Amino acid sequence: MQILRLTILRLLTTLVTLAGVAVIVFFVIRVVPGNPIAMMLPPGATEADIARLSALYGLDQPLVTQFGIWLGGVVQGDFGTSITTRQPVLDLVLGRLPATLELSIMALVMAVIIGGAAALIGTRGRGTRTEGAVDVANGMALSVPDFLWGLVLMLVLGVLFPVFHISGRVTPSLDLPFVTNFYLFESLVRLRFDLWADLVAHMFMPALALAIPLAAVIGQLLKQSLKETMNLDYVTLARTKGYGETHVILREALRNAVLPTLTLVGVQFTFLIGGTVIIERLFSYEGLGNMAIDAVINRDLPLIQGIVILFAVIFTAVNLIVDLAYAVLNPRLRHA
Amino acid sequence: MLRRRAGLRLWLSALWLAALVLAALLAPWISPRDPLTQDLFLARLPPFWVAGTEPGYLLGTDSLGRDVLSRILHGARVALLVALVAGGITCLIGATFGLLAGFLRGWVDMVISRLIDIWMAFPPVLFSILLIAVLGPSLTSIIIAIVVIDWTRFARVVRAEAMAQGAMDYVASARVAGRGRIGTMLREILPNVLPTVVVLLTLEMGIAVIVEAILSFVNLSISTDDPTWGGMISEGRTSIYQAWWVLVFPLIALFLTVLAFSQLGEGLKDRFDPVLR
């Protein structure tokens, strides 16, 4: 009962948030100087041409009417037509979404592995130099944002020791048999490990750059709650039973220490997704973020709106899922 | 032992930032060359220790023959200006909102909290790029964009802190002693949240430096001729295989500056936190 009420409440606030985002984006970008219509037409177009095209895109209507038309479309899944490519915004955006999702999830997996390992190593060697080293590494990783890690990785693993590709999503000369845009996933399903390896070689550095700050957060929080858990009676009991330190950490302490980390990881994961915008740009990775920057530079209003809304939907969805997962996993809330 | 290492961290960060302030102030006098002068005959000269360079260009030149060291020194002016002005204004506005929401509660809190929620649903980098596109690329636009986007960082934390402080006995006694609501907020709550605000401000300055660099990187900062670290990095990215130094040196400057701001913030947090002390 409690969970149902929480779900409905959170869904409602999420809708309010999304509506707020829609309003702000719509009106902010309508202030953009420079007429996007004039940019679409060849030089020498007449005033009449501009007026006709403006009417076609609805740009001659008052702002509030434009907003009404746009919102009416959005509710029905119609995000309008891109001004630069003249394709439906929804198609363009959904075409790029898989690339960004694969990158974000890859980064999340890396962050969990690296951060988890750091926390376990730090807890295993608590009070020693090992823990100090883990703390220093965490502090560094946390202080420097993904954009700079991306550049450092690019220099070290792309130029100095050219192990990975520094730009693109896949080698352009390769023949791609894919029917979806989830290349990484589909290459696995089709057992095309050659393509999979090429995709990973492109994705590795941008994903790692995004993962480093999140890995530090996970490492710090998990280590802290592991250390607290290690002092609890039931863990001491397990120890007196003769289990080794590693067994005690993994089998006894970890399960109870994960929960506090989970909520913060959710919020941090939205930061990671936000970071894809600049990281995709840096590594010329063909995802949503890269398309968003092009859209801003080209003043493609409908496309910008569509992308920002989609990002907002992803952000709020992640937060919603984390909140609900926390409620489900936390026994105190479950039985309340 | 741990405290001494923390102290060292604090001092090293402060030292780097002080050197940077000095470099920024003195840039026109200590730069070996004019940062804007192009000379295509001297394009892509490597730094001083690599064979085949001209003397007098310590860190080499970029693809237009401009001196990298001079551009880094002048770039420090932009970086620090943005850090101070944008950081300061963001702090002022965000902390005010947070204080009002956390202390007054009620509908003020509801409106501000809702706004924070909406803000958190925007991808910050995309939001800043969008704002610069709207405002037009200039130093003022960058500062406005940072303030508009990052005020929530202060508002969120200060709100929570003010709420916690507001529940304490000393606040109640101040009210009983006859102090008004605003008076209590400014005289009792504010001094107690100030250490947190100072820490956040230090961290925000590092963020502002990065945001400026990111915006220059996508060519939306100030004019592309003016030296900025992000602009240099963007240019260096395109010639990464021919002239690595064009990317590496501004990157080192940016890296150390961001690290210094954040370590200074962390160090101050340890100093201020009575539990840790």
# chains A, B, ... in the order shown; residues from 1 in each chain; ligands from 1
call {"tool": "residues_around", "arguments": {"residues": "Thr257 (chain B)", "least_positions_apart": "6", "cutoff": "10 Å", "atoms": "only C-alpha atoms", "output": "list in words"}}
result
Val144 of chain A; Ser13, Trp16, Leu17, Leu20, Ala76, Ala79, Leu80, Met205, Gly206, Val209, Ile210, Leu251 and Gln263 of chain B
call {"tool": "residues_around", "arguments": {"residues": "Asp323 (chain A)", "least_positions_apart": "5", "cutoff": "9 Å", "atoms": "only C-alpha atoms", "output": "PyMOL selection string"}}
result
chain A and resi 7+10+263+266+318+328
call {"tool": "write_last_selection", "arguments": {"atoms": "C-alpha atoms", "output": "PDB file, in the first residue's frame"}}
result
ATOM      1  CA  THR A   7       4.625   5.513  -6.740  1.00  0.00           C
ATOM      2  CA  ARG A  10       6.358  10.395  -7.329  1.00  0.00           C
ATOM      3  CA  THR A 263      20.299   6.041  -3.794  1.00  0.00           C
ATOM      4  CA  GLY A 266      21.067   6.904  -8.922  1.00  0.00           C
ATOM      5  CA  VAL A 318      16.235   7.160 -13.425  1.00  0.00           C
ATOM      6  CA  VAL A 328      11.205  -2.079  -2.459  1.00  0.00           C
TER       7      VAL A 328
END
call {"tool": "interface_residues", "arguments": {"of": "chain A", "to": "chain B", "cutoff": "6 Å", "atoms": "only C-alpha atoms", "output": "mmCIF file with N, CA and C atoms, in the first residue's frame"}}
result
data_model
loop_
_atom_site.group_PDB
_atom_site.id
_atom_site.type_symbol
_atom_site.label_atom_id
_atom_site.label_comp_id
_atom_site.auth_asym_id
_atom_site.auth_seq_id
_atom_site.Cartn_x
_atom_site.Cartn_y
_atom_site.Cartn_z
ATOM 1 N N THR A 17 7.495 18.223 -12.926
ATOM 2 C CA THR A 17 8.857 18.565 -13.311
ATOM 3 C C THR A 17 8.998 18.611 -14.828
ATOM 4 N N VAL A 32 16.167 32.854 -29.093
ATOM 5 C CA VAL A 32 17.384 32.730 -29.898
ATOM 6 C C VAL A 32 17.425 33.807 -30.980
ATOM 7 N N SER A 143 37.755 14.852 -7.939
ATOM 8 C CA SER A 143 38.022 16.285 -8.084
ATOM 9 C C SER A 143 38.004 16.744 -9.523
ATOM 10 N N GLY A 274 24.201 13.225 -18.156
ATOM 11 C CA GLY A 274 24.394 14.613 -18.567
ATOM 12 C C GLY A 274 25.777 14.827 -19.157
ATOM 13 N N ALA A 312 15.440 15.061 -20.146
ATOM 14 C CA ALA A 312 14.707 15.269 -18.899
ATOM 15 C C ALA A 312 13.895 14.032 -18.534
ATOM 16 N N PHE A 315 16.351 11.500 -17.136
ATOM 17 C CA PHE A 315 16.793 11.887 -15.784
ATOM 18 C C PHE A 315 15.726 11.553 -14.749
#
call {"tool": "residues_around", "arguments": {"residues": "Gly275 (chain A)", "least_positions_apart": "6", "cutoff": "12 Å", "atoms": "only C-alpha atoms", "output": "ChimeraX atom specification"}}
result
/A:100,103-104,107,145-150,206-214,268-269,281-282,288-290,311 /B:122-127,211,214
call {"tool": "write_last_selection", "arguments": {"atoms": "N, CA and C atoms", "output": "CSV table (one decimal), in the first residue's frame"}}
result
chain,number,residue,atom,x,y,z
A,100,THR,N,23.7,6.5,-27.2
A,100,THR,CA,23.9,7.2,-25.9
A,100,THR,C,23.6,6.2,-24.7
A,103,LEU,N,26.5,3.7,-24.4
A,103,LEU,CA,27.6,4.4,-23.8
A,103,LEU,C,27.4,4.6,-22.3
A,104,SER,N,26.2,5.1,-21.9
A,104,SER,CA,26.0,5.3,-20.5
A,104,SER,C,26.0,4.0,-19.6
A,107,ALA,N,29.4,2.8,-19.2
A,107,ALA,CA,30.1,3.6,-18.2
A,107,ALA,C,29.7,3.2,-16.8
A,145,PRO,N,36.6,16.5,-13.4
A,145,PRO,CA,35.4,16.1,-14.1
A,145,PRO,C,35.7,15.2,-15.4
A,146,ASP,N,34.7,14.6,-15.8
A,146,ASP,CA,34.8,13.6,-17.0
A,146,ASP,C,35.5,14.2,-18.2
A,147,PHE,N,35.2,15.5,-18.5
A,147,PHE,CA,35.7,16.2,-19.7
A,147,PHE,C,37.3,16.1,-19.7
A,148,LEU,N,37.8,16.4,-18.5
A,148,LEU,CA,39.3,16.4,-18.4
A,148,LEU,C,39.9,15.0,-18.4
A,149,TRP,N,39.2,14.0,-17.7
A,149,TRP,CA,39.6,12.6,-17.8
A,149,TRP,C,39.6,12.2,-19.3
A,150,GLY,N,38.5,12.6,-20.0
A,150,GLY,CA,38.5,12.2,-21.4
A,150,GLY,C,39.7,12.7,-22.2
A,206,PRO,N,35.6,7.0,-24.0
A,206,PRO,CA,34.5,7.9,-23.6
A,206,PRO,C,33.8,7.2,-22.4
A,207,ALA,N,33.6,5.9,-22.4
A,207,ALA,CA,32.9,5.3,-21.3
A,207,ALA,C,33.7,5.4,-20.0
A,208,LEU,N,35.0,5.2,-20.1
A,208,LEU,CA,35.9,5.2,-18.9
A,208,LEU,C,35.9,6.6,-18.3
A,209,ALA,N,36.0,7.6,-19.2
A,209,ALA,CA,36.0,9.0,-18.8
A,209,ALA,C,34.8,9.3,-18.0
A,210,LEU,N,33.6,8.9,-18.5
A,210,LEU,CA,32.4,9.1,-17.7
A,210,LEU,C,32.3,8.3,-16.4
A,211,ALA,N,33.0,7.1,-16.4
A,211,ALA,CA,32.9,6.2,-15.3
A,211,ALA,C,33.8,6.7,-14.1
A,212,ILE,N,34.9,7.4,-14.4
A,212,ILE,CA,35.8,7.6,-13.3
A,212,ILE,C,35.2,8.4,-12.1
A,213,PRO,N,34.6,9.6,-12.4
A,213,PRO,CA,34.0,10.3,-11.2
A,213,PRO,C,32.9,9.4,-10.5
A,214,LEU,N,32.1,8.7,-11.2
A,214,LEU,CA,31.1,7.8,-10.6
A,214,LEU,C,31.8,6.7,-9.8
A,268,GLN,N,23.9,10.2,-9.1
A,268,GLN,CA,25.1,10.3,-9.8
A,268,GLN,C,25.0,9.8,-11.2
A,269,PHE,N,24.2,8.8,-11.5
A,269,PHE,CA,24.1,8.2,-12.8
A,269,PHE,C,23.4,9.3,-13.7
A,281,ARG,N,30.9,14.7,-27.8
A,281,ARG,CA,31.5,15.7,-28.6
A,281,ARG,C,33.0,15.5,-28.7
A,282,LEU,N,33.6,15.3,-27.6
A,282,LEU,CA,35.1,15.2,-27.5
A,282,LEU,C,35.5,14.0,-28.4
A,288,LEU,N,23.2,11.1,-28.9
A,288,LEU,CA,22.3,12.2,-28.7
A,288,LEU,C,23.0,13.5,-28.4
A,289,GLY,N,24.0,13.5,-27.5
A,289,GLY,CA,24.7,14.7,-27.1
A,289,GLY,C,25.3,15.4,-28.2
A,290,ASN,N,26.0,14.7,-29.0
A,290,ASN,CA,26.7,15.2,-30.2
A,290,ASN,C,25.7,15.9,-31.1
A,311,PHE,N,16.2,14.0,-22.6
A,311,PHE,CA,17.1,14.0,-21.5
A,311,PHE,C,16.4,14.1,-20.2
B,122,PHE,N,17.5,19.0,-16.1
B,122,PHE,CA,18.1,19.5,-17.3
B,122,PHE,C,19.6,18.9,-17.3
B,123,PRO,N,20.0,18.4,-18.5
B,123,PRO,CA,21.4,18.1,-18.6
B,123,PRO,C,22.2,19.4,-18.6
B,124,PRO,N,23.1,19.6,-17.5
B,124,PRO,CA,23.7,20.9,-17.3
B,124,PRO,C,24.5,21.4,-18.5
B,125,VAL,N,25.3,20.5,-19.1
B,125,VAL,CA,26.2,21.0,-20.2
B,125,VAL,C,25.3,21.4,-21.4
B,126,LEU,N,24.3,20.7,-21.7
B,126,LEU,CA,23.4,21.0,-22.8
B,126,LEU,C,22.7,22.3,-22.5
B,127,PHE,N,22.3,22.5,-21.3
B,127,PHE,CA,21.6,23.7,-20.8
B,127,PHE,C,22.5,24.9,-21.0
B,211,VAL,N,33.4,24.9,-16.8
B,211,VAL,CA,32.3,25.2,-17.7
B,211,VAL,C,32.8,26.2,-18.8
B,214,ILE,N,34.7,24.1,-21.3
B,214,ILE,CA,33.9,23.3,-22.1
B,214,ILE,C,33.2,24.2,-23.2
call {"tool": "atom_distance", "arguments": {"atom1": "CA of Arg30 (chain A)", "atom2": "CA of Gly73 (chain A)"}}
result
17.5 Å
